[in-house]
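What follows is a short report on a single structure.
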Amino acid sequence: MGHQLPHLPWLRSFEAAARNLSFSAAANELHMTPAAVSLQIRSLEQYLGFQLFERLPRGVRLTDMGLAYLPSIRKAFDELSMSTVGLFGSRGDRSITVRSTAAFAVLWLAPRLGEFMALYPNIEVRLFADIWADALSADHSAIDIRFGDGHWEGFDAELIQTEASIPVCSPVWRARAGSDEQLVSLAQRNLIHIMGCEDLWTRWFRAAGVADFTSRKGVQVDTSLTALELAAAGSGFALVLRSLAQPYLDAGRVVAAFDGELPIDQAHYLLLPKGGKRPPPEVLLFRQWLREQVRARDEGEGRQVG
């Protein structure tokens, strides 16, 4: 028995109208008339036997059945789009802009990016590193990777990875301290503070049982990359995300200053603009590749993968 599927144009009109919550906007996107979009959606509803939209005096709203149906339709179109571009290439040049924090771009993304470029040589990648990103533009051909609480107005945020911070210092400084007490005293006089994370050292020492820690001495920097370079040069103790410290640990440029790690509430997220146009296939391919990279890392470290 063949697959019982609605006509593809009906589904395309439904997806566009659901994403824009407007038959007129869907018509503009699909180069059709609003009446044609409305007719195709009405045909789809009759085929399914359920109403997918509530027609309101101004605009439309998805019904519960429409909300339930949309994710599978969107996933199907995304898979078709990615497979077509991934296997057969595309007409004309395609490019994506990836914007990220400086530390994530240099220490996590750059060492892996060559694999994506080898898999999809027809996609040009532009990688930009930002330190602060208070205002993000809703560019549908761009991917933003941000560190924060997961809430950015106008964007859908997908969690990339959660992790803890670890304290690091140069091997020379670690060897200089003859005891844990001396190491704590040395660290308190030579702390590296990262802007926006100034309370992490206080949380660390309190968790370690140093309740009277109040020192703010040391240097203040605006990125974990600078903090790691300072720590490697023997200029202090840095408290940074484990994934960012790992290249320095592997190269022996820094060592763990103390045992243990500090859980944090913030994490890295992938941001895409809400609503409007669907992300182009090259953006979807990058998102899928990024997920696979995180999954491979988690499996390599023995983490539970959902």
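Within each chain, counting starts at residue 1; across the structure tokens, chains are named A, B, ... in the order shown, with ligands numbered 1 upward in that order.
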Name the residues in contact with range 9-20 of chain A at a cut-off of 12 Å, using only C-alpha atoms, excluding same-chain residues fewer than 3 positions from it; report them as number ranges by chain. A: 5-6, 23-48, 51-55, 59-63, 65-78, 273-279
Residue neighbourhood range 236-245 of chain A, 7 Å, only C-alpha atoms, exclusion window fewer than 6 positions, as a list in words: Ala103, Phe104, Leu107, Trp108, Glu163, Ala164, Ser165, Ile166, Pro167, Val168, Cys169, Ala187, Asn190, Leu191, Ile192, Ser224, Ala227, Leu228 and Leu230 of chain A
Going by DSSP on the backbone, which bits of range 70-234 of chain A are strand (DSSP E)? Write them as a PyMOL selection string, please. chain A and resi 94-101+123-130+142-148+155-161+164-169+191-194+218-221
Point-to-point distance from CA of Ser83 in chain A to CA of Glu299 in chain A, Å rounded to tenths: 25.3 Å
May I have all residues of range 47-205 of chain A that DSSP, computed from the backbone, assigns to alpha helix (DSSP H), given as JSON, numbers by chain? {"A": [47, 48, 64, 65, 66, 67, 68, 69, 70, 71, 72, 73, 74, 75, 76, 77, 78, 79, 80, 81, 82, 83, 84, 85, 86, 87, 88, 102, 103, 110, 111, 112, 113, 114, 115, 116, 117, 118, 119, 171, 172, 173, 174, 175, 176, 180, 181, 182, 183, 184, 185, 186, 187, 188, 200, 201, 202, 203, 204, 205]}
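Minimum distance to Arg58 in chain A across A:Met82, A:Phe205, A:Ser22, A:Trp152 (counting only C-alpha atoms) occurs at A:Ser22.
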